[in-house]
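*Asks:* One structure, as structure tokens, below. Some questions next.
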Amino acid sequence: MGIKEPVTVTVTGAGGQIGYALLFRIASGAMFGPATPVRLRLLEIPAGLKSAEGTALELQDCAFSNLDSVEVTGNAERAFDGTNVALLVGARPRGPGMERGDLLAANGAIFGPQGAAINVGAADDVRVLVVGNPANTNALIAAAHAPDVPAERFTAMTRLDHNRALGLLAGTLDVGVASIGNVIIWGNHSATQVPDISHAILTGADGSQRPLPDALAEALGGTDKVAAWLEGTFIPRVAGRGAEIIEVRGSSSAASAAAAAIDHVHDWVLGTSGSWTSAAVLSDGSYGVPRGLVSSFPVHSRNGAWEIQQGLSVAADVRARIDSSLKELEAERDMVKSLGLI
Ligand code: NDP
């Protein structure tokens with residue numbers, strides 16, 4: 001196979017913790033495979049530029065064979081010029097006394113102009129992943145400022161929640177994560193997210209498959225124990241894992257967030273080959289999710305595009321949780337609308 005054209009990847013907030021965990025893996029080929037050269041653009045605000053420049057020096061020192069170039073800039077138009085993949089990581093964290101409206105307004109001032117810069121200069125095939133929180137609504141804001149880019153190219157990350165669910169299930173069942181399939185995260189990337197195992201399957205060493213809830217019932221000592229475990233342990237633990245990491249590690253998750261961003265883009269570009277995963281994508285009305293919201297769904301990727309997995313039954317308790325997460329997403333959307341951000 002000949003050398004491919006470089007893929008241009010823009011990372012915002014590149015001088016931050018997630019940026020530091022993300023850039024080396026992209027440069028090493030984890031996102032598109034080792035045969036695809038990457039051209040990195042690192043965008044930062046003035047306070048973060050030195051840190052991003054330091055990261056760029058280290059990237060150079062790694063001598064990654066498929067790293068075509070690294071450029072650090074404080075200029076969004078430059079950063080997104082010709083970009084194929086935009087990873088919007090930098091965001092305004094919630095400060096003391098900050099209300100949700102303040103947070104959304106502060107992030108609107110970041111994601112609006114970034115959407116506009118993507119609209120002006122990004123490559124025709126640009127794909128955008130928003131990591132910076134509130135990720136779903138930030139994606140909505142960016143998309144609204146990029147009218148010439150198909151809105152479905154703006155996505156938000158729930159892959160970390162998905163991976164956290166896989167890790168917790170694998171630990172509980174004492175199996176490898178690769179043997180677990182069809183876990184779903186629905187809704188908002190927030191405390192209201194809905195981890196759902198109703199369709200999950202477990203593949204045995206001999207290739208046989210069975211419903212994962214059955215395996216859980218066995219491991220936990222009865223079907224009645226599963227519902228209590230889901231309600232009391234699984235769902236709160238997955239949704240609260242970010243806080244748990246902060247408590248144990250002393251700072252927020254960075255490497256796992258970076259790994260999930262790599263997984264998201266890798267699968268989006270290269271496909272999911274028969275399996276499904278979770279991503280927050282533009283709703284087309286599937287599963288009663290209001291059209292136009294960026295919400296997490298079970299998705300697979302084919303020909304470089306996410307498609308929502310159709311036709312799944314949704315249990316009543318899962319439905320109630322999804323509806324409450326959707327209420328939160330709608331409230332965020334209404335607030336950014338009233339602030340004139342979309
Ligand atoms: P991180 O790199 O740790 O986090 C960046 C963003 O990712 C935050 O909004 C954070 O949200 C979010 N995030 C999403 N999922 C996760 C997760 N699972 N775990 C942790 N974070 C998650 O923040 P740093 O402060 O280290 O770095 C941010 C950088 O962004 C700074 O260098 C800053 O200068 C820069 N920045 C750049 C901008 C730009 O390029 N225009 C704009 C704004 C900031 P949460 O806060 O909810 O944890």
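Letters A, B, ... go to the chains of the structure tokens in the order shown; residues in each chain start at 1; ligands are counted from 1 in the same order.
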May I have a table of the residues of chain A lying at most 6 Å from ligand 1, giving each one's closest pair of atoms and their distance in Å to one decimal, counting only C-alpha atoms and all ligand atoms, ordered by chain and ascending residue number, as JSON lines?

*Replies:*
```
{"residue": "A:Thr12", "atom": "CA", "partner": "ligand 1", "partner_atom_place_in_ligand_line": "40 (O)", "distance": 4.1}
{"residue": "A:Gly13", "atom": "CA", "partner": "ligand 1", "partner_atom_place_in_ligand_line": "30 (O)", "distance": 3.2}
{"residue": "A:Gly15", "atom": "CA", "partner": "ligand 1", "partner_atom_place_in_ligand_line": "32 (O)", "distance": 4.2}
{"residue": "A:Gly16", "atom": "CA", "partner": "ligand 1", "partner_atom_place_in_ligand_line": "27 (O)", "distance": 3.1}
{"residue": "A:Gln17", "atom": "CA", "partner": "ligand 1", "partner_atom_place_in_ligand_line": "26 (O)", "distance": 3.8}
{"residue": "A:Ile18", "atom": "CA", "partner": "ligand 1", "partner_atom_place_in_ligand_line": "2 (O)", "distance": 3.7}
{"residue": "A:Gly19", "atom": "CA", "partner": "ligand 1", "partner_atom_place_in_ligand_line": "2 (O)", "distance": 5.6}
{"residue": "A:Leu43", "atom": "CA", "partner": "ligand 1", "partner_atom_place_in_ligand_line": "40 (O)", "distance": 4.7}
{"residue": "A:Glu44", "atom": "CA", "partner": "ligand 1", "partner_atom_place_in_ligand_line": "40 (O)", "distance": 3.8}
{"residue": "A:Ile45", "atom": "CA", "partner": "ligand 1", "partner_atom_place_in_ligand_line": "39 (C)", "distance": 5.0}
{"residue": "A:Ala47", "atom": "CA", "partner": "ligand 1", "partner_atom_place_in_ligand_line": "34 (O)", "distance": 5.6}
{"residue": "A:Gly48", "atom": "CA", "partner": "ligand 1", "partner_atom_place_in_ligand_line": "34 (O)", "distance": 4.0}
{"residue": "A:Val89", "atom": "CA", "partner": "ligand 1", "partner_atom_place_in_ligand_line": "6 (C)", "distance": 4.9}
{"residue": "A:Gly90", "atom": "CA", "partner": "ligand 1", "partner_atom_place_in_ligand_line": "30 (O)", "distance": 3.4}
{"residue": "A:Ala91", "atom": "CA", "partner": "ligand 1", "partner_atom_place_in_ligand_line": "43 (C)", "distance": 4.1}
{"residue": "A:Arg92", "atom": "CA", "partner": "ligand 1", "partner_atom_place_in_ligand_line": "43 (C)", "distance": 5.2}
{"residue": "A:Pro93", "atom": "CA", "partner": "ligand 1", "partner_atom_place_in_ligand_line": "46 (O)", "distance": 4.3}
{"residue": "A:Ile110", "atom": "CA", "partner": "ligand 1", "partner_atom_place_in_ligand_line": "41 (N)", "distance": 5.8}
{"residue": "A:Val131", "atom": "CA", "partner": "ligand 1", "partner_atom_place_in_ligand_line": "14 (C)", "distance": 4.7}
{"residue": "A:Gly132", "atom": "CA", "partner": "ligand 1", "partner_atom_place_in_ligand_line": "9 (O)", "distance": 3.5}
{"residue": "A:Asn133", "atom": "CA", "partner": "ligand 1", "partner_atom_place_in_ligand_line": "9 (O)", "distance": 4.3}
{"residue": "A:Gly242", "atom": "CA", "partner": "ligand 1", "partner_atom_place_in_ligand_line": "18 (N)", "distance": 5.8}
{"residue": "A:Ser252", "atom": "CA", "partner": "ligand 1", "partner_atom_place_in_ligand_line": "20 (C)", "distance": 4.9}
{"residue": "A:Ser253", "atom": "CA", "partner": "ligand 1", "partner_atom_place_in_ligand_line": "19 (N)", "distance": 4.2}
{"residue": "A:Ala254", "atom": "CA", "partner": "ligand 1", "partner_atom_place_in_ligand_line": "20 (C)", "distance": 5.4}
{"residue": "A:Ala257", "atom": "CA", "partner": "ligand 1", "partner_atom_place_in_ligand_line": "18 (N)", "distance": 4.8}
```

*Asks:* Do you know which residues are at most 12 Å from Ala261 in chain A counting only C-alpha atoms, after dropping those on the same chain fewer than 3 positions away, and could you put them as a ChimeraX atom specification?

*Replies:* /A:11,18-19,21-23,25-26,30-31,85-89,128-132,155-163,254-258,264-268,278-279

*Asks:* CA of Leu168 in chain A and CA of His300 in chain A are how many Å apart?

*Replies:*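 Atom-to-atom, CA of Leu168 in chain A to CA of His300 in chain A, that is 22.0 Å.
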
*Asks:* Give me the residues near His199 in chain A as a list in words, where near means some atom within 9 Å (using only C-alpha atoms) and where sequence neighbours in that chain fewer than 2 positions away do not count.

*Replies:*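 Counting only the stated atoms, we get Gly181, Asn182, Val183, Ile184, Asp196, Ile197, Ile201, Pro211, Leu212, Pro213, Leu312 and Ser313 of chain A.
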
*Asks:* Got a sec to tell me which of range 115-306 of chain A DSSP assigns to strand (DSSP E or B), as number ranges by chain?

*Replies:* A: 127-130, 154-156, 180-181, 184-187, 194-196, 201-203, 209-211, 277-282, 294-302, 305-306

*Asks:* Nearest residue to Ala280 in chain A out of A:Arg39, A:His189, A:Arg78, A:Arg100, using only C-alpha atoms?

*Replies:*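 Ranked by minimum distance to Ala280 in chain A, first place goes to A:His189.
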
*Asks:* Pick out the closest residue to Ala227 in chain A from this set: A:Asp174, A:Glu58, A:Glu328, A:Asp317. Count only C-alpha atoms.

*Replies:*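 Checking each of A:Asp174, A:Glu58, A:Glu328, A:Asp317 against Ala227 in chain A, counting only C-alpha atoms, the winner is A:Asp317.
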
*Asks:* What separation in Å, quoted to one decimal, exists between CA of Ala305 in chain A and CA of Leu270 in chain A?

*Replies:*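 Calculated distance between CA of Ala305 in chain A and CA of Leu270 in chain A is 9.4 Å.
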
*Asks:* Please provide the set of residues having any atom within 10 Å of Pro195 in chain A, restricted to only C-alpha atoms, with same-chain residues fewer than 2 positions apart removed, written as a ChimeraX atom specification.

*Replies:* /A:161-162,164-165,183-187,192-193,197-198,230,234-236,238-239,278,318,321-322

*Asks:* Restricting it to N, CA, C and O atoms, dump the selection as a tab-separated table (two decimals), in the first residue's frame.

*Replies:*
```tsv
chain	number	residue	atom	x	y	z
A	161	ASP	N	-18.30	7.15	28.56
A	161	ASP	CA	-19.34	6.54	29.40
A	161	ASP	C	-19.56	5.09	28.97
A	161	ASP	O	-19.71	4.18	29.81
A	162	HIS	N	-19.59	4.89	27.67
A	162	HIS	CA	-19.75	3.54	27.11
A	162	HIS	C	-18.61	2.62	27.58
A	162	HIS	O	-18.84	1.51	28.06
A	164	ARG	N	-16.65	3.06	30.13
A	164	ARG	CA	-16.74	2.86	31.58
A	164	ARG	C	-17.73	1.75	31.90
A	164	ARG	O	-17.49	0.93	32.79
A	165	ALA	N	-18.85	1.73	31.17
A	165	ALA	CA	-19.85	0.67	31.38
A	165	ALA	C	-19.25	-0.69	31.05
A	165	ALA	O	-19.41	-1.66	31.81
A	183	VAL	N	-23.78	-2.79	24.55
A	183	VAL	CA	-24.12	-1.91	25.66
A	183	VAL	C	-24.52	-0.57	25.04
A	183	VAL	O	-24.05	-0.20	23.96
A	184	ILE	N	-25.39	0.15	25.71
A	184	ILE	CA	-25.85	1.44	25.16
A	184	ILE	C	-25.76	2.55	26.22
A	184	ILE	O	-26.08	2.30	27.38
A	185	ILE	N	-25.35	3.73	25.77
A	185	ILE	CA	-25.53	4.95	26.57
A	185	ILE	C	-26.52	5.82	25.80
A	185	ILE	O	-26.30	6.12	24.62
A	186	TRP	N	-27.59	6.20	26.46
A	186	TRP	CA	-28.59	7.10	25.85
A	186	TRP	C	-28.48	8.48	26.49
A	186	TRP	O	-28.08	8.60	27.65
A	187	GLY	N	-28.87	9.51	25.72
A	187	GLY	CA	-29.12	10.82	26.32
A	187	GLY	C	-27.95	11.76	26.37
A	187	GLY	O	-27.10	11.81	25.49
A	192	THR	N	-27.41	12.63	34.05
A	192	THR	CA	-28.69	12.02	33.65
A	192	THR	C	-28.53	10.96	32.55
A	192	THR	O	-29.52	10.38	32.10
A	193	GLN	N	-27.31	10.73	32.12
A	193	GLN	CA	-27.09	9.74	31.06
A	193	GLN	C	-27.70	8.39	31.45
A	193	GLN	O	-27.85	8.07	32.63
A	197	ILE	N	-28.20	-1.99	29.62
A	197	ILE	CA	-27.64	-3.29	29.22
A	197	ILE	C	-28.71	-4.24	28.71
A	197	ILE	O	-28.46	-5.43	28.54
A	198	SER	N	-29.94	-3.72	28.45
A	198	SER	CA	-31.00	-4.66	28.09
A	198	SER	C	-30.70	-5.47	26.84
A	198	SER	O	-31.22	-6.56	26.69
A	230	LEU	N	-28.30	-2.82	38.99
A	230	LEU	CA	-28.29	-1.79	37.94
A	230	LEU	C	-28.62	-0.42	38.54
A	230	LEU	O	-27.95	0.56	38.28
A	234	PHE	N	-24.58	-0.04	39.15
A	234	PHE	CA	-24.10	0.14	37.77
A	234	PHE	C	-24.36	1.56	37.24
A	234	PHE	O	-23.41	2.27	36.86
A	235	ILE	N	-25.61	1.97	37.25
A	235	ILE	CA	-25.94	3.27	36.64
A	235	ILE	C	-25.26	4.42	37.39
A	235	ILE	O	-24.56	5.23	36.77
A	236	PRO	N	-25.38	4.49	38.73
A	236	PRO	CA	-24.70	5.61	39.42
A	236	PRO	C	-23.18	5.56	39.29
A	236	PRO	O	-22.52	6.60	39.22
A	238	VAL	N	-21.35	4.33	36.73
A	238	VAL	CA	-20.94	4.77	35.39
A	238	VAL	C	-21.13	6.29	35.28
A	238	VAL	O	-20.22	7.01	34.88
A	239	ALA	N	-22.31	6.76	35.69
A	239	ALA	CA	-22.59	8.19	35.55
A	239	ALA	C	-21.70	9.03	36.47
A	239	ALA	O	-21.39	10.17	36.17
A	278	SER	N	-21.66	3.63	21.34
A	278	SER	CA	-22.50	4.77	21.69
A	278	SER	C	-21.82	6.06	21.27
A	278	SER	O	-20.61	6.21	21.45
A	318	VAL	N	-36.05	2.16	31.41
A	318	VAL	CA	-35.03	2.83	30.59
A	318	VAL	C	-35.66	4.04	29.90
A	318	VAL	O	-35.09	5.13	29.86
A	321	ARG	N	-35.93	6.98	32.18
A	321	ARG	CA	-34.63	7.65	32.37
A	321	ARG	C	-34.25	8.47	31.13
A	321	ARG	O	-33.73	9.57	31.24
A	322	ILE	N	-34.47	7.86	29.96
A	322	ILE	CA	-34.15	8.60	28.72
A	322	ILE	C	-34.95	9.90	28.68
A	322	ILE	O	-34.41	10.97	28.39
```
